[in-house]
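Structure file model29.cif (mmCIF, C-alpha atoms) follows.
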data_coords
#
loop_
_atom_site.label_atom_id
_atom_site.label_comp_id
_atom_site.auth_asym_id
_atom_site.auth_seq_id
_atom_site.Cartn_x
_atom_site.Cartn_y
_atom_site.Cartn_z
CA MET A 1 51.24 -83.42 -68.29
CA SER A 2 50.88 -85.72 -71.26
CA GLU A 3 53.91 -87.22 -72.90
CA LYS A 4 53.46 -85.24 -76.12
CA MET A 5 55.32 -82.15 -74.89
CA VAL A 6 58.89 -82.82 -76.02
CA GLU A 7 61.65 -80.35 -76.58
CA SER A 8 62.93 -79.48 -80.05
CA VAL A 9 65.37 -81.56 -82.06
CA VAL A 10 68.23 -79.14 -81.45
CA ALA A 11 67.88 -79.36 -77.66
CA ARG A 12 67.64 -83.12 -77.65
CA THR A 13 70.65 -83.65 -79.92
CA ILE A 14 72.91 -81.21 -78.13
CA SER A 15 72.12 -82.51 -74.68
CA ARG A 16 72.63 -86.09 -75.80
CA ILE A 17 76.11 -85.16 -77.01
CA ILE A 18 77.16 -82.97 -74.12
CA ILE A 19 75.92 -84.76 -70.98
CA PRO A 20 78.83 -87.28 -70.80
CA PHE A 21 81.32 -84.40 -71.03
CA ILE A 22 79.61 -82.56 -68.18
CA GLN A 23 79.86 -85.69 -66.04
CA LEU A 24 83.51 -86.14 -66.93
CA TYR A 25 84.20 -82.55 -65.94
CA GLY A 26 82.38 -83.07 -62.66
CA ILE A 27 84.49 -86.11 -61.78
CA TYR A 28 87.61 -84.14 -62.75
CA VAL A 29 86.70 -81.31 -60.40
CA ILE A 30 86.08 -83.71 -57.50
CA THR A 31 89.29 -85.71 -57.83
CA HIS A 32 91.53 -82.74 -58.60
CA GLY A 33 90.35 -80.84 -55.55
CA GLU A 34 93.85 -81.06 -54.15
CA SER A 35 95.86 -79.25 -56.80
CA SER A 36 93.41 -76.87 -58.43
CA PRO A 37 90.30 -75.01 -57.30
CA GLY A 38 87.42 -77.36 -56.68
CA GLY A 39 86.61 -80.08 -54.24
CA GLY A 40 83.65 -82.13 -53.16
CA PHE A 41 80.85 -79.57 -53.14
CA GLN A 42 81.62 -78.00 -56.48
CA GLY A 43 82.06 -81.30 -58.33
CA GLY A 44 78.94 -82.75 -56.74
CA VAL A 45 76.81 -79.87 -57.97
CA ILE A 46 78.23 -80.22 -61.49
CA LEU A 47 77.40 -83.93 -61.54
CA GLY A 48 73.88 -83.23 -60.27
CA THR A 49 73.40 -80.56 -62.94
CA SER A 50 74.00 -83.09 -65.69
CA ILE A 51 71.14 -85.26 -64.44
CA ILE A 52 68.88 -82.22 -64.07
CA LEU A 53 69.64 -81.25 -67.68
CA PHE A 54 68.59 -84.72 -68.74
CA GLY A 55 65.40 -84.35 -66.73
CA ILE A 56 64.52 -81.00 -68.28
CA VAL A 57 65.09 -81.92 -71.91
CA PHE A 58 63.64 -85.40 -71.83
CA SER A 59 60.68 -86.14 -69.65
CA LEU A 60 60.85 -86.95 -65.96
CA ASN A 61 59.70 -90.54 -66.51
CA THR A 62 62.69 -91.23 -68.77
CA THR A 63 64.97 -89.92 -66.03
CA LYS A 64 63.34 -92.22 -63.48
CA LYS A 65 63.98 -95.16 -65.80
CA TRP A 66 67.65 -94.17 -66.06
CA ILE A 67 68.34 -93.50 -62.38
CA SER A 68 65.72 -94.62 -59.92
CA LYS A 69 65.03 -92.88 -56.63
CA LYS A 70 66.31 -95.84 -54.64
CA ILE A 71 69.83 -95.60 -56.10
CA LEU A 72 69.94 -91.88 -55.33
CA ILE A 73 68.83 -92.40 -51.74
CA LEU A 74 71.47 -95.13 -51.43
CA PHE A 75 74.21 -92.79 -52.72
CA MET A 76 73.09 -90.04 -50.37
CA SER A 77 73.49 -92.23 -47.31
CA LEU A 78 76.68 -93.82 -48.67
CA GLY A 79 78.42 -90.47 -49.03
CA LEU A 80 77.74 -89.46 -45.44
CA LEU A 81 78.71 -92.94 -44.26
CA ILE A 82 82.09 -92.70 -46.01
CA TYR A 83 82.87 -89.42 -44.28
CA SER A 84 82.00 -90.47 -40.76
CA GLY A 85 83.36 -93.95 -41.45
CA ILE A 86 86.83 -92.57 -42.07
CA GLY A 87 86.62 -90.73 -38.77
CA ALA A 88 85.55 -93.89 -36.96
CA ILE A 89 88.30 -96.00 -38.56
CA ASP A 90 90.85 -93.50 -37.31
CA MET A 91 89.47 -93.95 -33.83
CA LEU A 92 89.76 -97.75 -34.18
CA PHE A 93 93.51 -97.58 -34.76
CA GLY A 94 94.35 -95.45 -31.80
CA GLY A 95 93.87 -91.83 -32.81
CA LYS A 96 91.24 -89.22 -32.13
CA TYR A 97 88.17 -88.78 -34.33
CA LEU A 98 89.19 -87.71 -37.86
CA GLU A 99 92.89 -87.80 -37.09
CA TYR A 100 94.34 -88.75 -40.47
CA GLY A 101 97.65 -90.53 -40.11
CA LYS A 102 96.75 -93.55 -38.02
CA LEU A 103 95.55 -95.87 -40.79
CA PRO A 104 97.64 -99.03 -41.10
CA LEU A 105 99.00 -98.30 -44.56
CA PRO A 106 102.78 -98.00 -44.97
CA LEU A 107 102.83 -94.36 -46.03
CA HIS A 108 104.29 -91.29 -44.42
CA SER A 109 102.15 -88.74 -42.69
CA PRO A 110 101.56 -86.09 -45.42
CA GLU A 111 100.65 -88.70 -48.04
CA MET A 112 98.27 -90.44 -45.64
CA SER A 113 96.53 -87.15 -45.10
CA ALA A 114 96.26 -86.52 -48.84
CA LEU A 115 94.73 -89.97 -49.40
CA SER A 116 92.17 -89.43 -46.67
CA ILE A 117 91.28 -86.01 -48.07
CA LEU A 118 90.66 -87.60 -51.49
CA MET A 119 88.33 -90.21 -50.02
CA VAL A 120 86.50 -87.60 -47.99
CA GLU A 121 85.98 -85.45 -51.08
CA ILE A 122 84.53 -88.42 -52.98
CA GLY A 123 82.11 -89.03 -50.14
CA ILE A 124 81.01 -85.39 -50.09
CA GLY A 125 80.61 -85.37 -53.87
CA LEU A 126 78.32 -88.41 -53.82
CA CYS A 127 76.13 -86.92 -51.09
CA VAL A 128 75.76 -83.53 -52.75
CA MET A 129 75.06 -84.99 -56.20
CA SER A 130 72.25 -87.19 -54.93
CA THR A 131 70.70 -84.46 -52.81
CA ILE A 132 70.57 -81.91 -55.63
CA THR A 133 69.05 -84.45 -58.01
CA LEU A 134 66.51 -85.64 -55.44
CA LEU A 135 65.41 -82.07 -54.73
CA PHE A 136 64.73 -81.55 -58.41
CA ILE A 137 62.90 -84.87 -58.87
CA PHE A 138 60.65 -84.36 -55.87
CA LEU A 139 59.82 -80.73 -56.60
CA ALA A 140 59.17 -81.29 -60.31
CA GLY A 141 57.13 -84.44 -59.85
CA GLU A 142 54.15 -82.76 -58.24
CA LYS A 143 51.11 -82.54 -60.45
CA SER A 144 50.11 -78.96 -61.01
CA GLY A 145 46.80 -77.73 -59.72
CA THR A 146 46.04 -80.46 -57.26
CA ARG A 147 44.23 -79.27 -54.21
CA MET A 148 43.89 -81.48 -51.21
CA ASP A 149 40.96 -81.13 -48.88
CA SER A 150 42.27 -82.97 -45.89
CA TRP A 151 45.48 -83.07 -43.93
CA GLU A 152 46.93 -85.99 -45.83
CA ILE A 153 50.65 -85.69 -46.08
CA MET B 1 50.70 -49.70 -42.31
CA LEU B 2 53.07 -52.60 -42.59
CA ARG B 3 54.81 -50.83 -45.41
CA SER B 4 55.54 -47.67 -43.44
CA LEU B 5 56.78 -49.77 -40.49
CA ALA B 6 59.07 -51.61 -42.90
CA ILE B 7 60.50 -48.40 -44.28
CA ILE B 8 61.07 -46.97 -40.80
CA SER B 9 62.92 -50.09 -39.61
CA LEU B 10 64.96 -50.06 -42.82
CA LEU B 11 66.02 -46.48 -42.23
CA ILE B 12 67.07 -47.31 -38.68
CA MET B 13 69.04 -50.34 -39.88
CA GLY B 14 70.69 -48.34 -42.67
CA GLY B 15 71.61 -45.61 -40.24
CA VAL B 16 73.27 -48.06 -37.86
CA PHE B 17 75.20 -49.68 -40.72
CA ILE B 18 76.50 -46.37 -42.03
CA TYR B 19 77.47 -45.31 -38.53
CA VAL B 20 79.49 -48.50 -38.03
CA ILE B 21 81.27 -48.27 -41.37
CA GLU B 22 83.56 -45.63 -39.84
CA ASP B 23 85.39 -48.23 -37.77
CA MET B 24 85.99 -50.74 -40.55
CA PRO B 25 89.46 -50.76 -42.13
CA PRO B 26 89.93 -50.11 -45.84
CA ILE B 27 90.26 -53.30 -47.86
CA GLY B 28 93.55 -54.45 -49.35
CA ASN B 29 95.79 -53.65 -46.39
CA PRO B 30 97.87 -56.62 -45.21
CA GLU B 31 97.75 -55.40 -41.58
CA ASN B 32 93.98 -55.83 -41.22
CA PRO B 33 92.77 -58.00 -38.32
CA PRO B 34 91.49 -60.95 -40.42
CA HIS B 35 94.92 -61.57 -41.95
CA VAL B 36 97.09 -61.50 -38.86
CA HIS B 37 96.15 -64.05 -36.24
CA VAL B 38 95.81 -67.64 -37.50
CA VAL B 39 96.27 -67.49 -41.27
CA PRO B 40 100.10 -67.13 -41.59
CA ARG B 41 100.50 -70.40 -39.69
CA TYR B 42 98.03 -72.15 -42.00
CA ILE B 43 99.82 -70.89 -45.10
CA GLU B 44 103.30 -71.87 -43.87
CA LYS B 45 102.54 -75.34 -42.60
CA ALA B 46 99.91 -76.50 -45.12
CA GLU B 47 102.28 -78.30 -47.48
CA GLU B 48 104.27 -80.25 -44.92
CA GLU B 49 101.41 -81.23 -42.63
CA THR B 50 98.75 -82.06 -45.21
CA GLY B 51 100.55 -82.74 -48.48
CA VAL B 52 97.89 -80.87 -50.46
CA PRO B 53 98.82 -77.78 -52.51
CA ASN B 54 95.34 -76.25 -52.38
CA ILE B 55 95.23 -74.34 -49.08
CA VAL B 56 91.44 -73.94 -49.15
CA THR B 57 90.86 -77.70 -49.44
CA ALA B 58 93.51 -78.36 -46.79
CA ILE B 59 91.76 -76.09 -44.30
CA LEU B 60 88.30 -77.42 -45.26
CA ALA B 61 89.11 -81.12 -45.02
CA ASN B 62 91.96 -81.32 -42.53
CA TYR B 63 92.22 -78.40 -40.11
CA ARG B 64 88.45 -77.79 -39.97
CA GLY B 65 87.24 -81.21 -41.00
CA TYR B 66 84.65 -81.48 -38.25
CA ASP B 67 82.77 -78.44 -39.54
CA THR B 68 82.64 -80.01 -42.98
CA LEU B 69 81.13 -83.13 -41.46
CA GLY B 70 78.41 -81.01 -39.85
CA GLU B 71 77.79 -79.31 -43.15
CA THR B 72 77.40 -82.56 -45.05
CA THR B 73 74.84 -83.50 -42.41
CA VAL B 74 72.99 -80.24 -43.14
CA ILE B 75 72.62 -81.02 -46.82
CA PHE B 76 71.67 -84.62 -46.02
CA THR B 77 68.97 -83.32 -43.67
CA ALA B 78 67.62 -81.01 -46.38
CA GLY B 79 67.27 -83.98 -48.74
CA VAL B 80 65.53 -86.06 -46.09
CA SER B 81 63.14 -83.18 -45.21
CA VAL B 82 62.03 -82.75 -48.81
CA MET B 83 61.55 -86.50 -49.07
CA ILE B 84 59.34 -86.53 -45.98
CA LEU B 85 57.24 -83.60 -47.21
CA PHE B 86 56.49 -85.16 -50.58
CA GLN B 87 56.05 -88.76 -49.65
CA ARG B 88 52.66 -90.27 -50.31
CA TRP B 89 51.70 -93.17 -48.22
CA ASN B 90 49.48 -95.35 -50.36
CA LYS B 91 46.51 -96.58 -48.39
CA MET C 1 79.26 -34.88 -40.12
CA ARG C 2 82.76 -35.59 -41.39
CA ARG C 3 83.79 -34.65 -44.84
CA VAL C 4 83.48 -37.58 -47.22
CA GLU C 5 86.66 -37.69 -49.27
CA LEU C 6 87.16 -39.74 -52.41
CA GLU C 7 89.87 -41.81 -50.78
CA TRP C 8 87.49 -42.80 -48.00
CA ILE C 9 84.89 -44.04 -50.49
CA VAL C 10 87.41 -45.87 -52.69
CA GLY C 11 88.75 -47.80 -49.72
CA ARG C 12 85.34 -48.82 -48.42
CA TYR C 13 83.05 -49.19 -51.42
CA ASN C 14 82.44 -52.86 -50.74
CA TYR C 15 80.72 -52.00 -47.48
CA LEU C 16 78.38 -49.61 -49.28
CA ILE C 17 77.42 -52.28 -51.81
CA PHE C 18 76.83 -54.73 -48.98
CA ILE C 19 74.56 -52.21 -47.18
CA ALA C 20 72.53 -51.61 -50.36
CA LEU C 21 71.99 -55.30 -51.11
CA ALA C 22 71.20 -56.14 -47.48
CA LEU C 23 68.55 -53.43 -47.23
CA ILE C 24 66.97 -54.49 -50.53
CA GLY C 25 66.79 -58.11 -49.38
CA PHE C 26 65.44 -57.20 -45.97
CA TYR C 27 62.73 -54.98 -47.45
CA ALA C 28 61.64 -57.78 -49.77
CA MET C 29 61.47 -60.20 -46.85
CA ILE C 30 59.17 -58.12 -44.69
CA ALA C 31 57.10 -55.91 -46.96
CA LYS C 32 56.03 -58.14 -49.83
CA LYS C 33 52.93 -60.28 -49.59
CA ASN C 34 53.75 -63.06 -52.04
CA LEU C 35 55.52 -65.97 -50.33
CA ILE C 36 57.98 -66.62 -53.15
CA LYS C 37 59.07 -62.98 -53.16
CA LYS C 38 59.87 -63.32 -49.47
CA ILE C 39 62.11 -66.31 -50.15
CA ILE C 40 63.88 -64.45 -52.93
CA GLY C 41 64.47 -61.58 -50.50
CA MET C 42 66.06 -64.02 -48.07
CA ASN C 43 68.35 -65.21 -50.87
CA ILE C 44 69.41 -61.67 -51.74
CA PHE C 45 70.19 -61.00 -48.09
CA GLN C 46 72.36 -64.08 -47.81
CA THR C 47 74.20 -63.14 -51.01
CA ALA C 48 74.98 -59.74 -49.48
CA ILE C 49 76.54 -61.47 -46.47
CA PHE C 50 78.73 -63.62 -48.71
CA LEU C 51 79.91 -60.52 -50.56
CA PHE C 52 80.81 -58.87 -47.28
CA TYR C 53 83.03 -61.69 -46.11
CA ILE C 54 84.78 -62.40 -49.40
CA SER C 55 85.50 -58.76 -50.14
CA MET C 56 87.25 -58.48 -46.79
CA ALA C 57 89.62 -61.33 -47.70
CA ASP C 58 91.48 -59.57 -50.46
CA ILE C 59 95.00 -58.26 -50.06
CA GLU C 60 96.49 -56.04 -52.68
CA GLY C 61 99.02 -57.59 -55.07
CA ARG C 62 98.90 -61.18 -53.86
CA LYS C 63 97.89 -64.31 -55.76
CA ALA C 64 95.30 -67.05 -55.36
CA PRO C 65 95.83 -69.45 -52.43
CA ILE C 66 97.16 -72.48 -54.31
CA LEU C 67 100.79 -73.29 -53.58
CA VAL C 68 102.79 -72.85 -56.78
CA PRO C 69 106.61 -72.94 -56.86
CA GLY C 70 107.79 -69.40 -57.38
CA VAL C 71 105.06 -67.43 -55.67
CA GLU C 72 105.53 -66.26 -52.10
CA GLU C 73 102.54 -64.17 -51.13
CA TYR C 74 99.02 -65.50 -50.95
CA VAL C 75 95.58 -64.11 -50.32
CA ASN C 76 93.79 -64.93 -47.06
CA PRO C 77 92.09 -68.33 -47.59
CA LEU C 78 90.00 -68.52 -44.42
CA PRO C 79 86.86 -66.55 -45.44
CA HIS C 80 86.57 -68.65 -48.58
CA VAL C 81 86.32 -71.75 -46.43
CA LEU C 82 83.59 -70.26 -44.23
CA ILE C 83 81.57 -69.08 -47.21
CA LEU C 84 81.69 -72.54 -48.85
CA THR C 85 79.79 -73.86 -45.87
CA ALA C 86 77.42 -70.90 -45.84
CA ILE C 87 76.50 -71.35 -49.50
CA VAL C 88 75.46 -74.93 -48.88
CA VAL C 89 73.33 -73.86 -45.92
CA CYS C 90 71.67 -71.22 -48.12
CA VAL C 91 70.80 -73.81 -50.77
CA SER C 92 69.34 -76.20 -48.20
CA THR C 93 67.21 -73.53 -46.55
CA THR C 94 65.84 -72.31 -49.88
CA ALA C 95 65.01 -75.85 -50.98
CA VAL C 96 63.05 -76.70 -47.82
CA ALA C 97 61.27 -73.31 -47.88
CA LEU C 98 60.17 -73.79 -51.49
CA SER C 99 58.80 -77.27 -50.81
CA LEU C 100 56.84 -75.88 -47.86
CA ILE C 101 55.36 -73.27 -50.20
CA VAL C 102 54.29 -76.06 -52.59
CA LYS C 103 52.48 -77.83 -49.74
CA ILE C 104 50.82 -74.57 -48.65
CA TYR C 105 49.55 -74.03 -52.17
CA GLN C 106 48.18 -77.55 -52.29
CA LYS C 107 46.26 -76.99 -49.06
CA PHE C 108 45.01 -73.42 -49.41
CA GLY C 109 44.96 -72.73 -53.13
CA SER C 110 46.88 -69.44 -53.07
CA ILE C 111 50.28 -68.09 -52.08
CA GLU C 112 49.38 -64.56 -51.03
CA GLU C 113 49.88 -64.01 -47.36
CA ASP C 114 46.72 -62.04 -46.59
CA GLU C 115 44.45 -64.50 -48.39
CA ILE C 116 45.94 -67.35 -46.39
CA MET C 117 45.41 -65.46 -43.14
CA GLU C 118 41.77 -64.86 -44.12
CA MET C 119 41.25 -68.54 -44.84
CA MET C 120 42.80 -69.58 -41.57
CA LYS C 121 40.34 -67.67 -39.41
#
Transcribe the structure of this file into structure tokens.
Amino acid sequence: MSEKMVESVVARTISRIIIPFIQLYGIYVITHGESSPGGGFQGGVILGTSIILFGIVFSLNTTKKWISKKILILFMSLGLLIYSGIGAIDMLFGGKYLEYGKLPLPLHSPEMSALSILMVEIGIGLCVMSTITLLFIFLAGEKSGTRMDSWEI
Amino acid sequence: MLRSLAIISLLIMGGVFIYVIEDMPPIGNPENPPHVHVVPRYIEKAEEETGVPNIVTAILANYRGYDTLGETTVIFTAGVSVMILFQRWNK
Amino acid sequence: MRRVELEWIVGRYNYLIFIALALIGFYAMIAKKNLIKKIIGMNIFQTAIFLFYISMADIEGRKAPILVPGVEEYVNPLPHVLILTAIVVCVSTTAVALSLIVKIYQKFGSIEEDEIMEMMK
């Protein structure tokens, strides 16, 4: 598709104003997963939706200049690493896998658990955000109408 | 022919479902089997063992945290599969 | 055949809605020839399963499961937890299935099932 197909002025202006607020709301939902409905999965999808909105209104090449694929792949692996890393750190200090409460910080047991749950939710949110955005970028980046004659993958 | 086979199997499935609906309890009753066995213990002890007021997040991230790890792996695997399918190796 | 009273239907109407949605989704999965319609049927079927579990979790007169000082009775939170996981699995399966359909279209040129079977012979 050539670069001349751009959305209207109304769509571009509104999305330029509203995308930072969507991201702020997504971060709010992730970090307040302990006291109100929400958590890692919900906030991650909201954050990913803001990038998809940017990719729909402006072209896909502008999105790739803003956030490259490498950063998204890095965040995807980092989120999963945070989750299993917390489990492994608990095993290092004498507990079972994912037994919150054995970290060497001077806090009591319920607050230690709340801190670990917050870090785990941040890890889940990063992983889900990057995966949703990567699915959109890979599916939308295919040229339409190409037909391949051999088994090249 | 596939269409008539589909409708026949649908009628059989619908018949079995409607036959089984007799044994299911009406919704809204606090004595139903899903609400009796494990859940009162989760609701009572969630605040003092986890320190998190949201019971759903406490169950998801603390009592059943291993299942959530498996589920994060599922969505990671979906991302990796789509990446493998659409990767072009430049010759 | 037992007599169907109104009280029986009012207590169990969620099961009837689940049966209707499940049969619609299942019919779309097996009887349609377009590949994308099959995937949409799979999605409808999974949505019916979510409805079944979450409608069973409701207790009459109790509040949402977030601990608030002053409220004593809470709704069952366990099916909500299971369905959170199931929703993510549904999204992943649909995403991989749709990308496979894109690759099939790039190789064969159509997404109707009988045309693809003809071309594969």
6 Å contacts from chain C to chain B using only C-alpha atoms, as a list in words: Gly11, Arg12, Ala31, Asp58, Ile59, Glu60, Pro65, Ile66, Leu67, Pro77 and Ser92 of chain C
Atoms to include: C-alpha atoms. Write the selected residues as a tab-separated table (two decimals), in the frame of the given file.
chain	number	residue	atom	x	y	z
C	11	GLY	CA	88.75	-47.80	-49.72
C	12	ARG	CA	85.34	-48.82	-48.42
C	31	ALA	CA	57.10	-55.91	-46.96
C	58	ASP	CA	91.48	-59.57	-50.46
C	59	ILE	CA	95.00	-58.26	-50.06
C	60	GLU	CA	96.49	-56.04	-52.68
C	65	PRO	CA	95.83	-69.45	-52.43
C	66	ILE	CA	97.16	-72.48	-54.31
C	67	LEU	CA	100.79	-73.29	-53.58
C	77	PRO	CA	92.09	-68.33	-47.59
C	92	SER	CA	69.34	-76.20	-48.20
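Minimum atom-to-atom distances from A:Val45, A:Val9, A:Leu107, A:Leu78 to chain C were compared using all atoms listed in the file, and the lowest value belongs to A:Val45.
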Using atom CA of A:Ser130 and atom CA of A:Phe75 as the two end points, give the distance in Å to one decimal.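 Computed distance, atom CA of A:Ser130 to atom CA of A:Phe75, equals 6.3 Å.
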Protein, DNA and RNA residues within 6 Å of (78.6, -83.9, -55.6), all atoms listed in the file, as an MDAnalysis selection string: chainID A and resid 40:41 43:45 125:129
Have a look at C:Ile54, C:Ala97, C:Ile111, C:Ile40 and name the one nearest to C:Ile24; count only C-alpha atoms. C:Ile40
When the PyMOL selection byres ((chain C) within 8 of (chain A)) is applied to the file above, which residues end up in the set, as a PyMOL selection string? chain C and resi 66+95+99+105-109
Atom CA of C:Phe52 and atom CA of C:Phe18 are how many Å apart?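 Calculated distance between atom CA of C:Phe52 and atom CA of C:Phe18 is 6.0 Å.
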